[in-house]
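Raw contents of start-v2.txt, compact mmCIF, N, CA and C atoms:
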# COMPACT_ATOMS: atom_id res chain seq x y z
N MET A 1 0.58 -96.42 131.04
CA MET A 1 0.90 -97.53 130.16
C MET A 1 -0.06 -98.69 130.37
N GLY A 2 -0.68 -98.79 131.55
CA GLY A 2 -1.60 -99.88 131.83
C GLY A 2 -2.83 -99.84 130.95
N ILE A 3 -3.35 -98.65 130.68
CA ILE A 3 -4.54 -98.53 129.83
C ILE A 3 -4.22 -98.91 128.40
N ILE A 4 -3.05 -98.55 127.92
CA ILE A 4 -2.65 -98.89 126.55
C ILE A 4 -2.54 -100.40 126.39
N TRP A 5 -1.95 -101.07 127.37
CA TRP A 5 -1.84 -102.53 127.31
C TRP A 5 -3.22 -103.18 127.39
N THR A 6 -4.11 -102.62 128.19
CA THR A 6 -5.47 -103.16 128.27
C THR A 6 -6.17 -103.04 126.93
N ILE A 7 -5.97 -101.94 126.23
CA ILE A 7 -6.57 -101.76 124.91
C ILE A 7 -5.98 -102.75 123.90
N ILE A 8 -4.67 -102.93 123.94
CA ILE A 8 -4.03 -103.87 123.01
C ILE A 8 -4.50 -105.30 123.28
N ILE A 9 -4.49 -105.69 124.55
CA ILE A 9 -4.96 -107.03 124.92
C ILE A 9 -6.44 -107.17 124.59
N GLY A 10 -7.22 -106.12 124.80
CA GLY A 10 -8.65 -106.17 124.47
C GLY A 10 -8.89 -106.33 122.99
N PHE A 11 -8.06 -105.71 122.18
CA PHE A 11 -8.16 -105.86 120.73
C PHE A 11 -7.97 -107.32 120.33
N ILE A 12 -6.93 -107.92 120.85
CA ILE A 12 -6.64 -109.33 120.55
C ILE A 12 -7.74 -110.23 121.14
N ALA A 13 -8.17 -109.91 122.36
CA ALA A 13 -9.21 -110.71 123.01
C ALA A 13 -10.53 -110.64 122.25
N GLY A 14 -10.86 -109.49 121.69
CA GLY A 14 -12.10 -109.35 120.92
C GLY A 14 -12.10 -110.24 119.70
N VAL A 15 -10.97 -110.29 119.02
CA VAL A 15 -10.86 -111.15 117.83
C VAL A 15 -10.96 -112.62 118.23
N ILE A 16 -10.27 -113.01 119.30
CA ILE A 16 -10.31 -114.40 119.76
C ILE A 16 -11.71 -114.77 120.23
N ALA A 17 -12.36 -113.87 120.98
CA ALA A 17 -13.70 -114.15 121.48
C ALA A 17 -14.70 -114.31 120.34
N LYS A 18 -14.54 -113.53 119.28
CA LYS A 18 -15.43 -113.66 118.12
C LYS A 18 -15.23 -115.00 117.44
N LEU A 19 -13.99 -115.48 117.39
CA LEU A 19 -13.73 -116.79 116.81
C LEU A 19 -14.30 -117.92 117.67
N ILE A 20 -14.25 -117.74 118.99
CA ILE A 20 -14.75 -118.76 119.91
C ILE A 20 -16.27 -118.76 119.94
N MET A 21 -16.88 -117.60 119.86
CA MET A 21 -18.32 -117.47 120.06
C MET A 21 -18.99 -116.79 118.87
N PRO A 22 -19.05 -117.47 117.72
CA PRO A 22 -19.76 -116.86 116.58
C PRO A 22 -21.26 -117.02 116.76
N GLY A 23 -22.02 -116.19 116.07
CA GLY A 23 -23.48 -116.30 116.17
C GLY A 23 -24.16 -115.24 115.34
N ASP A 24 -25.47 -115.40 115.18
CA ASP A 24 -26.24 -114.47 114.38
C ASP A 24 -26.43 -113.12 115.06
N ASN A 25 -26.58 -113.11 116.38
CA ASN A 25 -26.82 -111.87 117.10
C ASN A 25 -25.54 -111.15 117.49
N GLU A 26 -24.43 -111.68 117.11
CA GLU A 26 -23.15 -111.07 117.47
C GLU A 26 -22.80 -109.97 116.47
N PRO A 27 -21.97 -109.03 116.89
CA PRO A 27 -21.58 -107.96 115.96
C PRO A 27 -20.79 -108.53 114.79
N THR A 28 -21.07 -108.05 113.60
CA THR A 28 -20.40 -108.58 112.43
C THR A 28 -19.23 -107.71 112.01
N GLY A 29 -19.21 -106.47 112.41
CA GLY A 29 -18.14 -105.57 112.01
C GLY A 29 -16.88 -105.77 112.84
N PHE A 30 -15.75 -105.61 112.17
CA PHE A 30 -14.46 -105.77 112.84
C PHE A 30 -14.27 -104.72 113.92
N ILE A 31 -14.67 -103.50 113.64
CA ILE A 31 -14.47 -102.42 114.61
C ILE A 31 -15.34 -102.63 115.84
N LEU A 32 -16.61 -103.01 115.65
CA LEU A 32 -17.49 -103.24 116.80
C LEU A 32 -17.02 -104.42 117.64
N THR A 33 -16.56 -105.47 116.99
CA THR A 33 -16.02 -106.62 117.71
C THR A 33 -14.80 -106.21 118.53
N THR A 34 -13.94 -105.40 117.94
CA THR A 34 -12.74 -104.93 118.63
C THR A 34 -13.11 -104.07 119.82
N ILE A 35 -14.07 -103.17 119.65
CA ILE A 35 -14.49 -102.31 120.76
C ILE A 35 -15.08 -103.15 121.90
N LEU A 36 -15.89 -104.13 121.55
CA LEU A 36 -16.45 -105.00 122.60
C LEU A 36 -15.35 -105.81 123.29
N GLY A 37 -14.32 -106.19 122.56
CA GLY A 37 -13.19 -106.88 123.16
C GLY A 37 -12.43 -105.99 124.13
N ILE A 38 -12.26 -104.73 123.76
CA ILE A 38 -11.59 -103.77 124.65
C ILE A 38 -12.43 -103.55 125.91
N VAL A 39 -13.75 -103.42 125.72
CA VAL A 39 -14.64 -103.28 126.88
C VAL A 39 -14.55 -104.53 127.76
N GLY A 40 -14.49 -105.70 127.13
CA GLY A 40 -14.33 -106.94 127.89
C GLY A 40 -13.04 -106.99 128.69
N ALA A 41 -11.97 -106.46 128.12
CA ALA A 41 -10.70 -106.41 128.84
C ALA A 41 -10.79 -105.49 130.05
N PHE A 42 -11.46 -104.35 129.88
CA PHE A 42 -11.64 -103.45 131.02
C PHE A 42 -12.54 -104.10 132.08
N VAL A 43 -13.59 -104.79 131.65
CA VAL A 43 -14.47 -105.48 132.59
C VAL A 43 -13.68 -106.53 133.37
N ALA A 44 -12.87 -107.32 132.65
CA ALA A 44 -12.07 -108.36 133.31
C ALA A 44 -11.07 -107.75 134.28
N THR A 45 -10.48 -106.62 133.90
CA THR A 45 -9.51 -105.96 134.78
C THR A 45 -10.16 -105.49 136.07
N TYR A 46 -11.27 -104.77 135.94
CA TYR A 46 -11.90 -104.22 137.14
C TYR A 46 -12.59 -105.30 137.97
N LEU A 47 -13.16 -106.30 137.33
CA LEU A 47 -13.75 -107.41 138.07
C LEU A 47 -12.67 -108.20 138.80
N GLY A 48 -11.54 -108.43 138.14
CA GLY A 48 -10.43 -109.14 138.76
C GLY A 48 -9.83 -108.38 139.93
N GLN A 49 -9.77 -107.04 139.80
CA GLN A 49 -9.27 -106.23 140.91
C GLN A 49 -10.25 -106.24 142.07
N ALA A 50 -11.55 -106.23 141.77
CA ALA A 50 -12.55 -106.25 142.84
C ALA A 50 -12.55 -107.58 143.58
N LEU A 51 -12.27 -108.67 142.86
CA LEU A 51 -12.24 -109.99 143.50
C LEU A 51 -10.89 -110.31 144.12
N GLY A 52 -9.91 -109.45 143.91
CA GLY A 52 -8.59 -109.67 144.50
C GLY A 52 -7.67 -110.53 143.65
N TRP A 53 -8.04 -110.81 142.40
CA TRP A 53 -7.20 -111.62 141.52
C TRP A 53 -6.02 -110.80 140.99
N TYR A 54 -6.24 -109.49 140.82
CA TYR A 54 -5.19 -108.60 140.32
C TYR A 54 -4.97 -107.49 141.33
N ARG A 55 -3.74 -107.03 141.40
CA ARG A 55 -3.42 -105.91 142.27
C ARG A 55 -3.91 -104.62 141.62
N PRO A 56 -4.10 -103.56 142.41
CA PRO A 56 -4.47 -102.27 141.81
C PRO A 56 -3.41 -101.83 140.80
N GLY A 57 -3.85 -101.42 139.65
CA GLY A 57 -2.94 -101.01 138.59
C GLY A 57 -2.50 -102.14 137.68
N GLU A 58 -2.81 -103.37 138.04
CA GLU A 58 -2.46 -104.52 137.23
C GLU A 58 -3.64 -104.89 136.34
N GLY A 59 -3.38 -105.11 135.07
CA GLY A 59 -4.45 -105.43 134.14
C GLY A 59 -4.67 -106.92 134.01
N ALA A 60 -5.79 -107.25 133.39
CA ALA A 60 -6.10 -108.66 133.14
C ALA A 60 -5.18 -109.20 132.06
N GLY A 61 -4.86 -110.45 132.15
CA GLY A 61 -4.06 -111.09 131.12
C GLY A 61 -4.93 -111.43 129.92
N LEU A 62 -4.34 -112.10 128.97
CA LEU A 62 -5.05 -112.42 127.75
C LEU A 62 -6.23 -113.35 128.01
N VAL A 63 -6.04 -114.34 128.86
CA VAL A 63 -7.13 -115.28 129.16
C VAL A 63 -8.28 -114.56 129.86
N GLY A 64 -7.98 -113.75 130.83
CA GLY A 64 -9.02 -112.99 131.52
C GLY A 64 -9.74 -112.03 130.59
N ALA A 65 -8.99 -111.40 129.69
CA ALA A 65 -9.60 -110.48 128.74
C ALA A 65 -10.50 -111.22 127.75
N VAL A 66 -10.09 -112.41 127.33
CA VAL A 66 -10.93 -113.20 126.43
C VAL A 66 -12.22 -113.60 127.14
N VAL A 67 -12.13 -114.01 128.39
CA VAL A 67 -13.34 -114.36 129.16
C VAL A 67 -14.23 -113.12 129.32
N GLY A 68 -13.64 -111.98 129.63
CA GLY A 68 -14.42 -110.75 129.73
C GLY A 68 -15.07 -110.37 128.41
N ALA A 69 -14.35 -110.56 127.30
CA ALA A 69 -14.90 -110.25 125.98
C ALA A 69 -16.04 -111.20 125.63
N ILE A 70 -15.91 -112.47 126.00
CA ILE A 70 -16.99 -113.42 125.74
C ILE A 70 -18.23 -113.03 126.54
N ILE A 71 -18.05 -112.60 127.77
CA ILE A 71 -19.19 -112.16 128.59
C ILE A 71 -19.86 -110.95 127.95
N VAL A 72 -19.05 -109.98 127.50
CA VAL A 72 -19.62 -108.79 126.86
C VAL A 72 -20.32 -109.15 125.55
N LEU A 73 -19.73 -110.04 124.76
CA LEU A 73 -20.37 -110.48 123.52
C LEU A 73 -21.69 -111.20 123.80
N PHE A 74 -21.73 -112.00 124.86
CA PHE A 74 -22.96 -112.70 125.23
C PHE A 74 -24.05 -111.70 125.61
N VAL A 75 -23.70 -110.72 126.44
CA VAL A 75 -24.67 -109.70 126.85
C VAL A 75 -25.12 -108.89 125.63
N TYR A 76 -24.19 -108.56 124.74
CA TYR A 76 -24.54 -107.84 123.52
C TYR A 76 -25.51 -108.66 122.67
N GLY A 77 -25.28 -109.96 122.58
CA GLY A 77 -26.17 -110.82 121.83
C GLY A 77 -27.57 -110.85 122.40
N LEU A 78 -27.67 -110.84 123.73
CA LEU A 78 -28.98 -110.80 124.38
C LEU A 78 -29.70 -109.49 124.10
N VAL A 79 -28.98 -108.39 124.24
CA VAL A 79 -29.59 -107.07 124.02
C VAL A 79 -29.94 -106.87 122.55
N ALA A 80 -29.05 -107.24 121.66
CA ALA A 80 -29.30 -107.07 120.22
C ALA A 80 -30.42 -107.99 119.77
N GLY A 81 -30.51 -109.17 120.34
CA GLY A 81 -31.58 -110.10 119.98
C GLY A 81 -32.95 -109.58 120.38
N ARG A 82 -33.02 -108.94 121.55
CA ARG A 82 -34.30 -108.38 121.99
C ARG A 82 -34.71 -107.20 121.13
N SER A 83 -33.77 -106.34 120.79
CA SER A 83 -34.12 -105.16 119.99
C SER A 83 -34.53 -105.54 118.58
N ARG A 84 -33.96 -106.60 118.03
CA ARG A 84 -34.35 -107.04 116.68
C ARG A 84 -35.71 -107.70 116.69
N ARG A 85 -36.05 -108.41 117.75
CA ARG A 85 -37.36 -109.05 117.85
C ARG A 85 -38.47 -108.04 118.10
N ALA A 86 -38.14 -106.93 118.76
CA ALA A 86 -39.14 -105.93 119.09
C ALA A 86 -39.56 -105.12 117.86
N ILE A 87 -38.72 -105.09 116.86
CA ILE A 87 -39.02 -104.27 115.66
C ILE A 87 -40.01 -104.96 114.78

Translate this structure into structure tokens?
Amino acid sequence: MGIIWTIIIGFIAGVIAKLIMPGDNEPTGFILTTILGIVGAFVATYLGQALGWYRPGEGAGLVGAVVGAIIVLFVYGLVAGRSRRAI
């Protein structure tokens, strides 16, 4: 059940992160934004567990997932920006 909640929270976090951090190099599709939000939730969960903020098996909350999604969107913007400039 923990993975399902992480996916649901990541979905919501992806939408919130896109609203907080709009930009030209950011993904424009709803599905890609959602996937990056889910990845951000997983990043926040595992980073939080590694730092001792969450117990093993405990997922990141909405705020942590939004922060993780913003980090993933930022990294995506850097990578997508470089690939577009190289072409």

For this session: Could you jot down the atom C of A:Ile7 to atom C of A:Gly77 separation for me, Å, one decimal place?
Result: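 Going from atom C of A:Ile7 over to atom C of A:Gly77, I get 23.1 Å.
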
Just want the 6 Å neighbourhood of stretch 64-66 of chain A, counted on only C-alpha atoms, with same-chain residues fewer than 3 positions away dropped. Output as an mmCIF file with N, CA and C atoms, keeping the file's coordinate frame.
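Wrote it out as out-v2.cif, contents follow:
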data_model
loop_
_atom_site.group_PDB
_atom_site.id
_atom_site.type_symbol
_atom_site.label_atom_id
_atom_site.label_comp_id
_atom_site.auth_asym_id
_atom_site.auth_seq_id
_atom_site.Cartn_x
_atom_site.Cartn_y
_atom_site.Cartn_z
ATOM 1 N N ALA A 13 -8.170 -109.910 122.360
ATOM 2 C CA ALA A 13 -9.210 -110.710 123.010
ATOM 3 C C ALA A 13 -10.530 -110.640 122.250
ATOM 4 N N ALA A 17 -12.360 -113.870 120.980
ATOM 5 C CA ALA A 17 -13.700 -114.150 121.480
ATOM 6 C C ALA A 17 -14.700 -114.310 120.340
ATOM 7 N N GLY A 40 -14.490 -105.700 127.130
ATOM 8 C CA GLY A 40 -14.330 -106.940 127.890
ATOM 9 C C GLY A 40 -13.040 -106.990 128.690
ATOM 10 N N ALA A 41 -11.970 -106.460 128.120
ATOM 11 C CA ALA A 41 -10.700 -106.410 128.840
ATOM 12 C C ALA A 41 -10.790 -105.490 130.050
ATOM 13 N N ALA A 44 -12.870 -107.320 132.650
ATOM 14 C CA ALA A 44 -12.070 -108.360 133.310
ATOM 15 C C ALA A 44 -11.070 -107.750 134.280
ATOM 16 N N ALA A 60 -5.790 -107.250 133.390
ATOM 17 C CA ALA A 60 -6.100 -108.660 133.140
ATOM 18 C C ALA A 60 -5.180 -109.200 132.060
ATOM 19 N N GLY A 61 -4.860 -110.450 132.150
ATOM 20 C CA GLY A 61 -4.060 -111.090 131.120
ATOM 21 C C GLY A 61 -4.930 -111.430 129.920
ATOM 22 N N ALA A 69 -14.350 -110.560 127.300
ATOM 23 C CA ALA A 69 -14.900 -110.250 125.980
ATOM 24 C C ALA A 69 -16.040 -111.200 125.630
#

Exercise. Between atom CA of A:Tyr54 and atom CA of A:Gly10, what is the spacing in Å?
Worked result: 16.4 Å

For this session: Please measure the separation of atom CA of A:Phe11 and atom CA of A:Gly37, giving the value in Å to one decimal.
Result: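 Computed distance, atom CA of A:Phe11 to atom CA of A:Gly37, equals 5.7 Å.
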
Problem set entry | Contacts of A:Thr33 at 8 Å (all atoms listed in the file; same-chain gap of 2+ positions) as a list of chain:residue names |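 The residues that qualify are A:Gly10, A:Phe11, A:Ala13, A:Gly14, A:Val15, A:Lys18, A:Glu26, A:Pro27, A:Thr28, A:Gly29, A:Phe30, A:Ile31, A:Ile35, A:Leu36, A:Gly37, A:Ile38, A:Val39.
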
For this session: Write out as an MDAnalysis selection string all residues of chain A that DSSP puts in helix (DSSP H, G or I) for this structure's backbone.
Result: chainID A and resid 2:20 30:51 62:86

For this session: Have a look at A:Val43, A:Gly52, A:Thr6, A:Ala80 and name the one nearest to A:Gly68; count only C-alpha atoms.
Result: A:Val43

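Of the residues under consideration (A:Ile71, A:Ile3, A:Gly57, A:Ile9), A:Ile71 shows the shortest atom-to-atom contact distance to A:Met21 when counting only C-alpha atoms.
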
Exercise. Between A:Ile70, A:Arg55, A:Ile12, A:Ile20, which has the minimum distance to A:Thr34 (counting all atoms listed in the file)?
Worked result: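 Under the stated criterion, the closest residue is A:Ile12.
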